[in-house]
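Enquirer: After the structure tokens below, expect a handful of questions from me.
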Amino acid sequence: MLRRAVIGIIVNALSLYVLVEFLEEVTGTGGIKLFIIGGIIIGLLNFIVKPIMKILSMPFVVLTAGLFLIVINAFVLYLAEWTINTMAFRDVTLNFLGIGSYLIGAVVFGVVNWAINLLVKD
């Protein structure tokens, strides 16, 4: 169980790294600290908040053939940004340019996360 949590944090950290490095709309400071803290926070949000949001938005997910999951992932990224910036970790920030950057970030984050999970099997 602990191994799975650590792998999840690493996968989220790598996905966040891809977002910050390759999307101009997403910026971050703090280097490795940002990716570790971000990986932990996104992991916690995926464990606690995301299942609740999926249940509450099930009609929208069904009506959009699953595309509404991108909106849920964008909201999780928004919450991660808000948490990182509100907790004011020393020299660590994460910023998205606007709503469109959350949606693009959610798609990229999901694809990178999926690809890494294919490579790293439990």
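Following the order of the structure tokens, first chain is A, next is B, and so on, with residues numbered from 1 inside each chain and ligands from 1 in the order they appear.
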Might you pull out every residue within 12 Å of Leu45 of chain A, with only C-alpha atoms counted and same-chain residues fewer than 4 positions away left off, and present them as a ChimeraX atom specification?

Expert: /A:8-9,12,38-41,49-53,72-83

Enquirer: Give me, as an NGL selection string, all polymer residues having an atom no more than 6 Å from segment 90-103 of chain A, counting only C-alpha atoms and skipping those fewer than 6 positions away in the same chain.

Expert: :A and (25-30 or 34 or 74 or 81)

Enquirer: Give me, as a list in words, all polymer residues having an atom no more than 10 Å from Lys121 of chain A, counting only C-alpha atoms and skipping those fewer than 5 positions away in the same chain.

Expert: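 The filter keeps Arg4, Ile7 and Ile116 of chain A.
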
Enquirer: Between atom CA of Lys54 of chain A and atom CA of Leu69 of chain A, measure the distance and give it in Å to one decimal.

Expert: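 Answer for the atom CA of Lys54 of chain A to atom CA of Leu69 of chain A separation: 7.7 Å.
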
Enquirer: Can you work out the spacing between atom CA of Ala65 of chain A and atom CA of Leu119 of chain A in Å, to one decimal?

Expert: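 Pair atom CA of Ala65 of chain A / atom CA of Leu119 of chain A returns 26.5 Å.
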
Enquirer: Pick out each residue of chain A that DSSP on the backbone tags as strand (DSSP E or B); I need them as an mmCIF file with C-alpha atoms, in the first residue's frame.

Expert:
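And here is the file that came out, part06.cif:
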```cif
data_model
loop_
_atom_site.group_PDB
_atom_site.id
_atom_site.type_symbol
_atom_site.label_atom_id
_atom_site.label_comp_id
_atom_site.auth_asym_id
_atom_site.auth_seq_id
_atom_site.Cartn_x
_atom_site.Cartn_y
_atom_site.Cartn_z
ATOM 1 C CA VAL A 26 1.586 26.876 -16.546
ATOM 2 C CA THR A 27 4.439 28.249 -14.462
ATOM 3 C CA GLY A 28 5.995 27.110 -11.245
ATOM 4 C CA THR A 29 8.872 27.920 -8.961
ATOM 5 C CA THR A 93 4.458 28.527 -6.422
ATOM 6 C CA LEU A 94 2.226 27.089 -9.112
ATOM 7 C CA ASN A 95 0.272 29.316 -11.496
ATOM 8 C CA PHE A 96 -2.113 28.691 -14.370
#
```
